[in-house]
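Colleague: One file is attached below, model00.cif, containing mmCIF, C-alpha atoms.
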data_target
#
loop_
_atom_site.label_atom_id
_atom_site.label_comp_id
_atom_site.auth_asym_id
_atom_site.auth_seq_id
_atom_site.Cartn_x
_atom_site.Cartn_y
_atom_site.Cartn_z
CA VAL A 24 -17.04 45.09 24.66
CA TYR A 25 -19.47 44.77 21.75
CA ASP A 26 -19.56 44.44 17.97
CA ASN A 27 -22.47 45.78 15.92
CA GLY A 28 -24.50 46.04 19.12
CA VAL A 29 -23.78 42.46 20.24
CA LEU A 30 -22.01 42.06 23.61
CA ILE A 31 -18.94 39.83 23.41
CA GLU A 32 -17.62 37.56 26.14
CA GLY A 33 -14.02 36.42 26.50
CA MET A 34 -12.22 39.42 24.96
CA THR A 35 -8.89 40.39 26.53
CA CYS A 36 -8.68 44.08 27.55
CA THR A 37 -5.15 45.37 28.18
CA LEU A 38 -4.21 48.85 29.41
CA LEU A 39 -0.79 49.77 28.05
CA ARG A 40 1.46 52.83 28.21
CA ASP A 41 5.01 53.22 26.88
CA GLY A 42 5.36 49.45 26.56
CA ILE A 43 4.31 48.80 30.19
CA ILE A 44 1.14 46.83 30.97
CA HIS A 45 -0.88 48.58 33.70
CA GLY A 46 -3.72 46.09 33.91
CA VAL A 47 -5.54 43.23 32.13
CA ASP A 48 -9.05 41.77 32.36
CA THR A 49 -11.37 39.58 30.27
CA SER A 50 -14.89 40.65 29.29
CA ASN A 51 -17.72 38.70 30.96
CA VAL A 52 -21.02 37.51 29.52
CA ASN A 53 -22.30 41.09 29.63
CA GLY A 54 -19.25 42.35 27.71
CA HIS A 55 -17.90 44.10 30.80
CA ALA A 56 -14.25 44.14 31.90
CA THR A 57 -12.87 45.69 35.08
CA ILE A 58 -9.20 46.59 34.93
CA THR A 59 -7.29 47.07 38.17
CA ILE A 60 -4.49 49.54 37.49
CA ASP A 61 -1.16 48.19 38.72
CA PRO A 62 1.35 49.77 38.57
CA GLN A 63 -0.30 53.16 39.03
CA PHE A 64 0.27 55.95 36.50
CA THR A 65 2.69 58.58 37.78
CA SER A 66 2.03 61.30 35.20
CA PRO A 67 -0.84 62.43 32.95
CA GLY A 68 -0.91 61.67 29.25
CA LEU A 69 -2.21 59.06 26.81
CA ALA A 70 -2.42 55.29 27.30
CA GLN A 71 -3.77 52.60 24.97
CA LEU A 72 -6.58 50.14 25.62
CA LEU A 73 -6.03 47.02 23.49
CA ILE A 74 -8.99 44.73 22.79
CA SER A 75 -8.00 41.30 21.47
CA GLY A 76 -9.45 37.83 21.20
CA TYR A 77 -9.74 34.64 19.21
CA ASN A 78 -10.27 34.98 15.46
CA CYS A 79 -10.41 38.79 15.48
CA LEU A 80 -8.12 41.73 14.85
CA THR A 81 -6.64 43.58 17.82
CA THR A 82 -8.18 47.04 18.20
CA SER A 83 -6.54 49.96 20.01
CA PHE A 84 -8.23 52.93 21.70
CA ASP A 85 -6.54 55.99 23.21
CA VAL A 86 -7.25 56.57 26.91
CA VAL A 87 -6.50 59.94 28.52
CA ILE A 88 -4.75 59.73 31.91
CA SER A 89 -5.65 62.98 33.64
CA PRO A 90 -5.16 64.40 37.15
CA SER A 91 -7.88 63.68 39.72
CA GLY A 92 -8.82 67.37 39.84
CA GLY A 93 -8.51 70.53 37.77
CA PRO A 94 -8.37 71.10 34.00
CA TYR A 95 -6.17 69.07 31.66
CA ILE A 96 -5.78 70.16 28.00
CA ILE A 97 -4.71 67.73 25.30
CA TYR A 98 -4.30 67.84 21.53
CA GLN A 99 -7.38 66.34 19.83
CA ASP A 100 -7.12 66.80 16.06
CA HIS A 101 -6.11 69.19 13.28
CA MET A 102 -7.36 70.24 9.84
CA LEU A 103 -5.59 71.93 6.91
CA ASP A 104 -7.19 74.66 4.75
CA ASP A 105 -5.33 75.33 1.48
CA THR A 106 -8.31 76.89 -0.30
CA LEU A 107 -6.74 80.35 -0.73
CA GLY A 108 -3.06 79.47 -0.93
CA GLY A 109 -3.09 76.08 -2.66
CA ASN A 110 -5.08 73.55 -4.67
CA SER A 111 -7.88 73.00 -2.11
CA ASN A 112 -7.16 69.29 -1.61
CA GLY A 113 -6.70 69.58 2.17
CA LEU A 114 -3.08 68.39 1.99
CA ALA A 115 0.21 70.23 2.54
CA ASP A 116 1.68 70.51 -0.97
CA PHE A 117 4.97 72.18 -1.92
CA GLY A 118 4.84 75.97 -2.22
CA GLU A 119 1.41 76.30 -0.58
CA SER A 120 0.32 78.79 2.07
CA ILE A 121 -1.92 76.91 4.49
CA PHE A 122 -4.26 77.76 7.36
CA LEU A 123 -4.26 75.28 10.24
CA THR A 124 -7.08 74.53 12.68
CA VAL A 125 -6.01 72.69 15.84
CA ALA A 126 -8.61 71.18 18.16
CA LEU A 127 -7.83 71.04 21.90
CA ALA A 128 -9.83 68.98 24.41
CA ASN A 129 -10.23 69.44 28.15
CA ALA A 130 -9.89 65.94 29.63
CA GLY A 131 -9.89 67.27 33.20
CA THR A 132 -12.65 67.81 35.73
CA ALA A 133 -12.61 71.63 35.81
CA ASP A 134 -12.86 74.39 33.22
CA ALA A 135 -9.65 75.77 31.70
CA LEU A 136 -9.69 79.57 31.44
CA ASN A 137 -7.93 81.84 28.95
CA VAL A 138 -6.29 78.95 27.11
CA GLU A 139 -3.54 79.92 24.66
CA ALA A 140 -1.25 77.82 22.46
CA ASN A 141 2.07 78.42 20.71
CA LEU A 142 2.91 76.29 17.67
CA SER A 143 6.46 75.38 16.61
CA PRO A 144 7.54 72.94 13.86
CA GLY A 145 11.29 72.63 14.39
CA ASP A 146 11.69 72.03 10.64
CA LEU A 147 13.42 73.97 7.86
CA HIS A 148 11.04 72.84 5.12
CA LEU A 149 8.25 75.21 6.15
CA LEU A 150 7.76 78.62 7.72
CA VAL A 151 5.13 79.22 10.41
CA THR A 152 3.50 82.57 9.65
CA ASP A 153 1.00 82.51 12.53
CA TYR A 154 2.13 80.51 15.54
CA PHE A 155 -0.17 81.90 18.28
CA GLY A 156 -3.71 80.68 18.99
CA GLU A 157 -6.34 81.88 21.48
CA TYR A 158 -8.90 79.36 22.77
CA GLY A 159 -10.55 81.21 25.65
CA THR A 160 -12.42 78.98 28.07
CA ILE A 161 -12.54 75.23 27.41
CA THR A 162 -15.07 73.65 29.74
CA ALA A 163 -14.42 70.22 31.20
CA GLY A 164 -15.20 67.40 28.79
CA THR A 165 -15.47 69.62 25.68
CA VAL A 166 -13.36 70.41 22.60
CA SER A 167 -12.41 73.84 21.25
CA ALA A 168 -11.20 74.37 17.65
CA PRO A 169 -10.96 78.03 16.54
CA GLU A 170 -10.98 77.98 12.75
CA ASN A 171 -7.70 78.80 10.91
CA GLU A 172 -5.99 80.02 14.08
CA PHE A 173 -2.51 79.06 12.79
CA ALA A 174 -0.80 79.35 9.40
CA PHE A 175 2.34 78.17 7.64
CA THR A 176 3.98 78.11 4.19
CA VAL A 177 5.64 75.04 2.67
CA ASN A 178 8.95 75.48 0.82
CA ASP A 179 9.05 74.88 -2.93
CA SER A 180 11.93 72.40 -2.62
CA VAL A 181 10.43 70.12 0.04
CA PRO A 182 11.10 66.37 -0.42
CA ASP A 183 8.02 64.30 -1.16
CA GLN A 184 6.45 62.61 1.90
CA HIS A 185 8.62 64.60 4.32
CA VAL A 186 7.13 64.44 7.84
CA VAL A 187 7.01 67.60 9.94
CA ASP A 188 6.58 67.20 13.70
CA PHE A 189 4.71 70.07 15.37
CA THR A 190 4.69 70.80 19.10
CA LEU A 191 2.16 72.83 21.07
CA ASP A 192 2.96 74.78 24.22
CA ILE A 193 -0.43 75.28 25.89
CA THR A 194 -1.10 77.55 28.87
CA GLY A 195 -4.11 78.49 31.01
CA ASN A 196 -5.24 81.26 33.36
CA SER A 197 -3.92 79.64 36.54
CA LYS A 198 -0.43 79.18 35.09
CA GLU A 199 -1.21 75.62 34.06
CA ASN A 200 1.09 74.33 31.34
CA TRP A 201 0.38 71.46 28.96
CA ALA A 202 2.03 70.10 25.83
CA GLY A 203 0.76 68.51 22.66
CA SER A 204 2.23 67.21 19.42
CA PHE A 205 1.16 66.05 15.96
CA SER A 206 2.66 65.44 12.52
CA ILE A 207 1.88 66.58 8.98
CA VAL A 208 3.16 64.90 5.80
CA LEU A 209 4.34 67.27 3.05
CA GLN A 210 3.58 66.45 -0.59
CA ALA A 211 5.72 67.16 -3.66
CA PRO A 212 6.07 65.87 -7.23
CA VAL A 213 8.89 63.51 -8.18
CA LEU A 214 9.49 63.85 -11.94
CA GLU A 215 11.11 61.15 -14.04
CA SER A 216 11.73 61.32 -17.79
CA GLY A 217 10.11 58.77 -20.07
CA ASN A 218 11.12 57.48 -23.50
CA MET A 219 12.32 59.97 -26.14
CA ILE A 220 10.43 60.11 -29.45
CA ILE A 221 12.08 61.39 -32.65
CA ASP A 222 9.61 62.68 -35.24
CA ASP A 223 11.32 63.25 -38.61
CA ALA A 224 8.36 62.27 -40.78
CA ALA A 225 7.58 65.75 -42.11
CA THR A 226 11.09 66.97 -43.09
CA GLY A 227 13.22 63.83 -42.94
CA ASN A 228 13.11 60.22 -44.02
CA GLY A 229 10.71 59.13 -41.28
CA ASN A 230 12.97 56.46 -39.85
CA GLY A 231 12.83 57.77 -36.30
CA PHE A 232 16.56 58.56 -36.17
CA LEU A 233 18.51 61.82 -36.30
CA ASP A 234 20.16 61.95 -39.74
CA PRO A 235 22.38 64.74 -41.17
CA GLY A 236 20.41 67.62 -42.70
CA GLU A 237 17.08 66.66 -41.13
CA THR A 238 14.72 68.86 -39.18
CA ALA A 239 13.03 66.87 -36.44
CA THR A 240 10.95 67.18 -33.31
CA LEU A 241 12.24 65.45 -30.19
CA SER A 242 9.90 64.90 -27.27
CA PHE A 243 9.75 62.78 -24.16
CA GLY A 244 7.07 62.20 -21.57
CA VAL A 245 7.43 63.10 -17.92
CA LEU A 246 6.20 60.71 -15.23
CA ASN A 247 5.25 62.07 -11.82
CA THR A 248 5.83 59.38 -9.19
CA GLY A 249 5.33 61.79 -6.30
CA HIS A 250 2.23 62.63 -4.29
CA SER A 251 1.52 66.13 -5.61
CA ASN A 252 0.71 67.49 -9.06
CA ASP A 253 3.42 69.61 -10.65
CA GLN A 254 1.68 72.98 -10.59
CA GLN A 255 4.26 74.61 -12.85
CA TYR A 256 4.19 72.20 -15.77
CA GLY A 257 1.04 70.17 -15.20
CA ASP A 258 0.67 67.25 -17.59
CA LYS A 259 2.62 68.86 -20.50
CA ASP A 260 5.48 67.09 -22.23
CA PHE A 261 8.98 68.51 -22.03
CA VAL A 262 10.50 68.92 -25.50
CA PHE A 263 13.88 69.86 -26.94
CA SER A 264 13.58 73.34 -28.42
CA LYS A 265 16.99 74.09 -29.85
CA ILE A 266 20.25 72.42 -30.77
CA HIS A 267 23.31 74.60 -31.22
CA ASP A 268 25.18 74.68 -34.54
CA ILE A 269 27.93 72.21 -33.86
CA SER A 270 31.13 71.15 -35.50
CA SER A 271 32.64 69.11 -32.70
CA GLY A 272 29.93 66.47 -32.56
CA VAL A 273 28.85 67.60 -29.07
CA ILE A 274 25.12 68.30 -28.81
CA LEU A 275 23.62 70.65 -26.21
CA PHE A 276 19.95 70.22 -25.32
CA LEU A 277 17.86 73.06 -23.90
CA PHE A 278 14.54 72.36 -22.17
CA PHE A 279 11.48 74.51 -22.90
CA ARG A 280 7.77 74.15 -22.40
CA GLU A 281 6.75 74.87 -26.01
CA ARG A 282 6.98 72.22 -28.72
CA THR A 283 9.12 73.48 -31.65
CA ASN A 284 11.13 71.94 -34.46
CA ILE A 285 14.89 71.66 -34.38
CA GLU A 286 17.37 71.43 -37.22
CA ILE A 287 20.34 69.04 -37.21
CA LYS A 288 23.29 70.98 -38.61
CA GLN A 289 25.78 68.16 -38.32
CA ALA A 290 25.75 64.64 -36.93
CA ARG A 291 28.49 62.19 -36.10
CA SER A 292 28.53 58.58 -35.05
CA GLU A 293 28.99 59.19 -31.32
CA THR A 294 26.20 58.05 -29.00
CA VAL A 295 24.17 61.00 -27.77
CA GLN A 296 23.63 60.86 -23.98
#
Kindly present the structure from the file in structure tokens form.

Modeller:
Amino acid sequence: VYDNGVLIEGMTCTLLRDGIIHGVDTSNVNGHATITIDPQFTSPGLAQLLISGYNCLTTSFDVVISPSGGPYIIYQDHMLDDTLGGNSNGLADFGESIFLTVALANAGTADALNVEANLSPGDLHLLVTDYFGEYGTITAGTVSAPENEFAFTVNDSVPDQHVVDFTLDITGNSKENWAGSFSIVLQAPVLESGNMIIDDAATGNGNGFLDPGETATLSFGVLNTGHSNDQQYGDKDFVFSKIHDISSGVILFLFFRERTNIEIKQARSETVQ
């Protein structure tokens, strides 16, 4: 155990998996800790090595538990490419078509031959358009990440910050079978209307209210509290473009993107919602 090149004595090193402690030791003057594994691991996978001590933050490291012999493929990392089908920010935004690179690592002691992977999301908010990836040979102790091997499209109506869980079914030449999983957060705008502004200065009395016989411009700002830009409307204001000729005192508002004037044909004392 060390920090900025300085060996640290007295740090507690705990090996943990699924809430079960499999061994604990304390680092010596040379920063070394020897953990005796008890109980033994009964299946391969990931465990966590927790390093803790006085007056410091606990740090966690993933530890791969692999078989004593043969290859063992695990999920390592992933990267999104929305350059062609999105806004090139490397995130999964609503309505985008995205390429996906998935890195697989061989944590075993032998090479894995003819490695292939099938991707499935199990989620209705996106469509996987390329779910099959070929990795070939992954030698022991190395990582393979064929660029843009998978692809998917995000729905237009996805909720902001929706989490999609992906699973990988990974196979090798000798009928080995491994599994991996990872998650991707989907981004979308969340639009909220701001305050309405009544502009009757040019053709009315300029008091900021809708009076009978006036022609006025009504506008209100739109606030995006989501995590993606609204690609359809951008930063434009929504404005009221037309009010129907009314005799009942009921006003109908239509939303358009262009700013135009409206004419008040008749007004009554009811509160306009």

Colleague: Residue by residue, what does the PyMOL selection byres ((chain A and resi 208-212) around 10) grab here? Present the result as an mmCIF file with C-alpha atoms, in the frame of the given file.

Modeller:
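Once everything was written out, this is selection-v4.cif:
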data_model
loop_
_atom_site.group_PDB
_atom_site.id
_atom_site.type_symbol
_atom_site.label_atom_id
_atom_site.label_comp_id
_atom_site.auth_asym_id
_atom_site.auth_seq_id
_atom_site.Cartn_x
_atom_site.Cartn_y
_atom_site.Cartn_z
ATOM 1 C CA LEU A 114 -3.080 68.390 1.990
ATOM 2 C CA ALA A 115 0.210 70.230 2.540
ATOM 3 C CA ASP A 116 1.680 70.510 -0.970
ATOM 4 C CA PHE A 117 4.970 72.180 -1.920
ATOM 5 C CA GLY A 118 4.840 75.970 -2.220
ATOM 6 C CA HIS A 148 11.040 72.840 5.120
ATOM 7 C CA LEU A 149 8.250 75.210 6.150
ATOM 8 C CA VAL A 177 5.640 75.040 2.670
ATOM 9 C CA ASN A 178 8.950 75.480 0.820
ATOM 10 C CA ASP A 179 9.050 74.880 -2.930
ATOM 11 C CA SER A 180 11.930 72.400 -2.620
ATOM 12 C CA VAL A 181 10.430 70.120 0.040
ATOM 13 C CA PRO A 182 11.100 66.370 -0.420
ATOM 14 C CA ASP A 183 8.020 64.300 -1.160
ATOM 15 C CA GLN A 184 6.450 62.610 1.900
ATOM 16 C CA HIS A 185 8.620 64.600 4.320
ATOM 17 C CA VAL A 186 7.130 64.440 7.840
ATOM 18 C CA VAL A 187 7.010 67.600 9.940
ATOM 19 C CA ASP A 188 6.580 67.200 13.700
ATOM 20 C CA SER A 206 2.660 65.440 12.520
ATOM 21 C CA ILE A 207 1.880 66.580 8.980
ATOM 22 C CA VAL A 213 8.890 63.510 -8.180
ATOM 23 C CA LEU A 214 9.490 63.850 -11.940
ATOM 24 C CA GLU A 215 11.110 61.150 -14.040
ATOM 25 C CA LEU A 246 6.200 60.710 -15.230
ATOM 26 C CA ASN A 247 5.250 62.070 -11.820
ATOM 27 C CA THR A 248 5.830 59.380 -9.190
ATOM 28 C CA GLY A 249 5.330 61.790 -6.300
ATOM 29 C CA HIS A 250 2.230 62.630 -4.290
ATOM 30 C CA SER A 251 1.520 66.130 -5.610
ATOM 31 C CA ASN A 252 0.710 67.490 -9.060
ATOM 32 C CA ASP A 253 3.420 69.610 -10.650
ATOM 33 C CA GLN A 254 1.680 72.980 -10.590
#

Colleague: Which residue is closest to Trp201 (chain A)? Choose from A:Pro169, A:Gly68, A:Gly28, A:Gly33 and count all atoms listed in the file.

Modeller: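 Among the listed residues, the smallest separation from Trp201 (chain A) belongs to A:Gly68.
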
Colleague: Just say which residues the PyMOL selection byres ((chain A and resi 92) around 10) picks in this file, as a PDB file with C-alpha atoms, in the coordinates of the input.

Modeller:
ATOM      1  CA  SER A  89      -5.650  62.980  33.640  1.00  0.00           C
ATOM      2  CA  PRO A  90      -5.160  64.400  37.150  1.00  0.00           C
ATOM      3  CA  SER A  91      -7.880  63.680  39.720  1.00  0.00           C
ATOM      4  CA  GLY A  93      -8.510  70.530  37.770  1.00  0.00           C
ATOM      5  CA  PRO A  94      -8.370  71.100  34.000  1.00  0.00           C
ATOM      6  CA  TYR A  95      -6.170  69.070  31.660  1.00  0.00           C
ATOM      7  CA  GLY A 131      -9.890  67.270  33.200  1.00  0.00           C
ATOM      8  CA  THR A 132     -12.650  67.810  35.730  1.00  0.00           C
ATOM      9  CA  ALA A 133     -12.610  71.630  35.810  1.00  0.00           C
TER      10      ALA A 133
END

Colleague: Give me, as an MDAnalysis selection string, all polymer residues having an atom no more than 9 Å from Leu103 (chain A), counting only C-alpha atoms and skipping those fewer than 5 positions away in the same chain.

Modeller: chainID A and resid 113:115 121:125 171

Colleague: Take the point (-8.7, 48.7, 18.9) as written in the file and pick out every residue within 7 Å of it, counting only C-alpha atoms; give the list as a ChimeraX atom specification.

Modeller: /A:73-74,81-84

Colleague: Please determine the residues with any atom at most 9 Å from (-6.8, 43.7, 35.5) (coordinates as given in the file, with all atoms listed in the file counting) and report them as an mmCIF file with C-alpha atoms, in the frame of the given file.

Modeller:
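As written to disk, part32.cif reads:
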data_model
loop_
_atom_site.group_PDB
_atom_site.id
_atom_site.type_symbol
_atom_site.label_atom_id
_atom_site.label_comp_id
_atom_site.auth_asym_id
_atom_site.auth_seq_id
_atom_site.Cartn_x
_atom_site.Cartn_y
_atom_site.Cartn_z
ATOM 1 C CA CYS A 36 -8.680 44.080 27.550
ATOM 2 C CA THR A 37 -5.150 45.370 28.180
ATOM 3 C CA LEU A 38 -4.210 48.850 29.410
ATOM 4 C CA HIS A 45 -0.880 48.580 33.700
ATOM 5 C CA GLY A 46 -3.720 46.090 33.910
ATOM 6 C CA VAL A 47 -5.540 43.230 32.130
ATOM 7 C CA ASP A 48 -9.050 41.770 32.360
ATOM 8 C CA THR A 49 -11.370 39.580 30.270
ATOM 9 C CA ALA A 56 -14.250 44.140 31.900
ATOM 10 C CA THR A 57 -12.870 45.690 35.080
ATOM 11 C CA ILE A 58 -9.200 46.590 34.930
ATOM 12 C CA THR A 59 -7.290 47.070 38.170
ATOM 13 C CA ILE A 60 -4.490 49.540 37.490
ATOM 14 C CA ASP A 61 -1.160 48.190 38.720
#

Colleague: Report the distance between CA of Gly164 (chain A) and CA of Ala128 (chain A) in Å, rounded to one decimal place.

Modeller: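 CA of Ala128 (chain A) lies 7.1 Å from CA of Gly164 (chain A).
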
Colleague: Generate the missing atoms of region 46-72 of chain A up to N, CA, C and O atoms and report them as an mmCIF file, in the frame of the given file.

Modeller:
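Final output, result.cif:
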data_model
loop_
_atom_site.group_PDB
_atom_site.id
_atom_site.type_symbol
_atom_site.label_atom_id
_atom_site.label_comp_id
_atom_site.auth_asym_id
_atom_site.auth_seq_id
_atom_site.Cartn_x
_atom_site.Cartn_y
_atom_site.Cartn_z
ATOM 1 N N GLY A 46 -2.565 46.844 33.470
ATOM 2 C CA GLY A 46 -3.720 46.090 33.910
ATOM 3 C C GLY A 46 -4.340 45.290 32.780
ATOM 4 O O GLY A 46 -4.303 45.712 31.617
ATOM 5 N N VAL A 47 -4.912 44.110 33.129
ATOM 6 C CA VAL A 47 -5.540 43.230 32.130
ATOM 7 C C VAL A 47 -6.805 42.627 32.743
ATOM 8 O O VAL A 47 -6.835 42.291 33.936
ATOM 9 N N ASP A 48 -7.854 42.494 31.932
ATOM 10 C CA ASP A 48 -9.050 41.770 32.360
ATOM 11 C C ASP A 48 -9.729 41.190 31.121
ATOM 12 O O ASP A 48 -9.456 41.603 29.986
ATOM 13 N N THR A 49 -10.634 40.241 31.351
ATOM 14 C CA THR A 49 -11.370 39.580 30.270
ATOM 15 C C THR A 49 -12.850 39.923 30.388
ATOM 16 O O THR A 49 -13.414 39.904 31.494
ATOM 17 N N SER A 50 -13.474 40.247 29.272
ATOM 18 C CA SER A 50 -14.890 40.650 29.290
ATOM 19 C C SER A 50 -15.770 39.464 29.693
ATOM 20 O O SER A 50 -15.548 38.318 29.296
ATOM 21 N N ASN A 51 -16.810 39.749 30.493
ATOM 22 C CA ASN A 51 -17.720 38.700 30.960
ATOM 23 C C ASN A 51 -18.882 38.532 29.987
ATOM 24 O O ASN A 51 -18.886 39.095 28.882
ATOM 25 N N VAL A 52 -19.894 37.802 30.387
ATOM 26 C CA VAL A 52 -21.020 37.510 29.520
ATOM 27 C C VAL A 52 -21.777 38.766 29.127
ATOM 28 O O VAL A 52 -22.468 38.809 28.092
ATOM 29 N N ASN A 53 -21.661 39.799 29.937
ATOM 30 C CA ASN A 53 -22.300 41.090 29.630
ATOM 31 C C ASN A 53 -21.388 42.026 28.840
ATOM 32 O O ASN A 53 -21.742 43.178 28.606
ATOM 33 N N GLY A 54 -20.193 41.530 28.459
ATOM 34 C CA GLY A 54 -19.250 42.350 27.710
ATOM 35 C C GLY A 54 -18.467 43.315 28.568
ATOM 36 O O GLY A 54 -17.758 44.176 28.043
ATOM 37 N N HIS A 55 -18.563 43.181 29.897
ATOM 38 C CA HIS A 55 -17.900 44.100 30.800
ATOM 39 C C HIS A 55 -16.536 43.563 31.229
ATOM 40 O O HIS A 55 -16.369 42.350 31.442
ATOM 41 N N ALA A 56 -15.576 44.483 31.370
ATOM 42 C CA ALA A 56 -14.250 44.140 31.900
ATOM 43 C C ALA A 56 -13.862 45.192 32.909
ATOM 44 O O ALA A 56 -14.039 46.401 32.672
ATOM 45 N N THR A 57 -13.322 44.775 34.034
ATOM 46 C CA THR A 57 -12.870 45.690 35.080
ATOM 47 C C THR A 57 -11.368 45.550 35.228
ATOM 48 O O THR A 57 -10.868 44.490 35.609
ATOM 49 N N ILE A 58 -10.661 46.625 34.902
ATOM 50 C CA ILE A 58 -9.200 46.590 34.930
ATOM 51 C C ILE A 58 -8.699 47.248 36.212
ATOM 52 O O ILE A 58 -9.020 48.418 36.491
ATOM 53 N N THR A 59 -7.951 46.510 36.986
ATOM 54 C CA THR A 59 -7.290 47.070 38.170
ATOM 55 C C THR A 59 -5.921 47.600 37.753
ATOM 56 O O THR A 59 -5.093 46.856 37.213
ATOM 57 N N ILE A 60 -5.711 48.891 37.968
ATOM 58 C CA ILE A 60 -4.490 49.540 37.490
ATOM 59 C C ILE A 60 -3.338 49.248 38.450
ATOM 60 O O ILE A 60 -3.360 49.657 39.611
ATOM 61 N N ASP A 61 -2.355 48.530 37.941
ATOM 62 C CA ASP A 61 -1.160 48.190 38.720
ATOM 63 C C ASP A 61 -0.039 47.826 37.735
ATOM 64 O O ASP A 61 -0.181 46.857 36.980
ATOM 65 N N PRO A 62 1.038 48.630 37.695
ATOM 66 C CA PRO A 62 1.350 49.770 38.570
ATOM 67 C C PRO A 62 0.517 51.008 38.236
ATOM 68 O O PRO A 62 -0.024 51.125 37.141
ATOM 69 N N GLN A 63 0.430 51.922 39.198
ATOM 70 C CA GLN A 63 -0.300 53.160 39.030
ATOM 71 C C GLN A 63 0.437 54.083 38.046
ATOM 72 O O GLN A 63 1.659 54.032 37.922
ATOM 73 N N PHE A 64 -0.330 54.932 37.368
ATOM 74 C CA PHE A 64 0.270 55.950 36.500
ATOM 75 C C PHE A 64 0.847 57.063 37.374
ATOM 76 O O PHE A 64 0.215 57.496 38.340
ATOM 77 N N THR A 65 2.028 57.536 37.001
ATOM 78 C CA THR A 65 2.690 58.580 37.780
ATOM 79 C C THR A 65 2.627 59.949 37.126
ATOM 80 O O THR A 65 3.036 60.939 37.735
ATOM 81 N N SER A 66 2.125 60.012 35.896
ATOM 82 C CA SER A 66 2.030 61.300 35.200
ATOM 83 C C SER A 66 0.873 61.251 34.220
ATOM 84 O O SER A 66 0.495 60.172 33.737
ATOM 85 N N PRO A 67 0.263 62.404 33.917
ATOM 86 C CA PRO A 67 -0.840 62.430 32.950
ATOM 87 C C PRO A 67 -0.335 62.197 31.532
ATOM 88 O O PRO A 67 0.854 62.277 31.251
ATOM 89 N N GLY A 68 -1.267 61.905 30.645
ATOM 90 C CA GLY A 68 -0.910 61.670 29.250
ATOM 91 C C GLY A 68 -1.856 60.670 28.607
ATOM 92 O O GLY A 68 -2.984 60.479 29.059
ATOM 93 N N LEU A 69 -1.393 60.019 27.541
ATOM 94 C CA LEU A 69 -2.210 59.060 26.810
ATOM 95 C C LEU A 69 -1.735 57.631 27.074
ATOM 96 O O LEU A 69 -0.537 57.362 27.139
ATOM 97 N N ALA A 70 -2.687 56.721 27.240
ATOM 98 C CA ALA A 70 -2.420 55.290 27.300
ATOM 99 C C ALA A 70 -3.253 54.618 26.206
ATOM 100 O O ALA A 70 -4.066 55.266 25.547
ATOM 101 N N GLN A 71 -3.038 53.330 25.998
ATOM 102 C CA GLN A 71 -3.770 52.600 24.970
ATOM 103 C C GLN A 71 -4.514 51.431 25.607
ATOM 104 O O GLN A 71 -3.956 50.687 26.419
ATOM 105 N N LEU A 72 -5.775 51.289 25.212
ATOM 106 C CA LEU A 72 -6.580 50.140 25.620
ATOM 107 C C LEU A 72 -6.654 49.195 24.425
ATOM 108 O O LEU A 72 -7.219 49.534 23.379
#
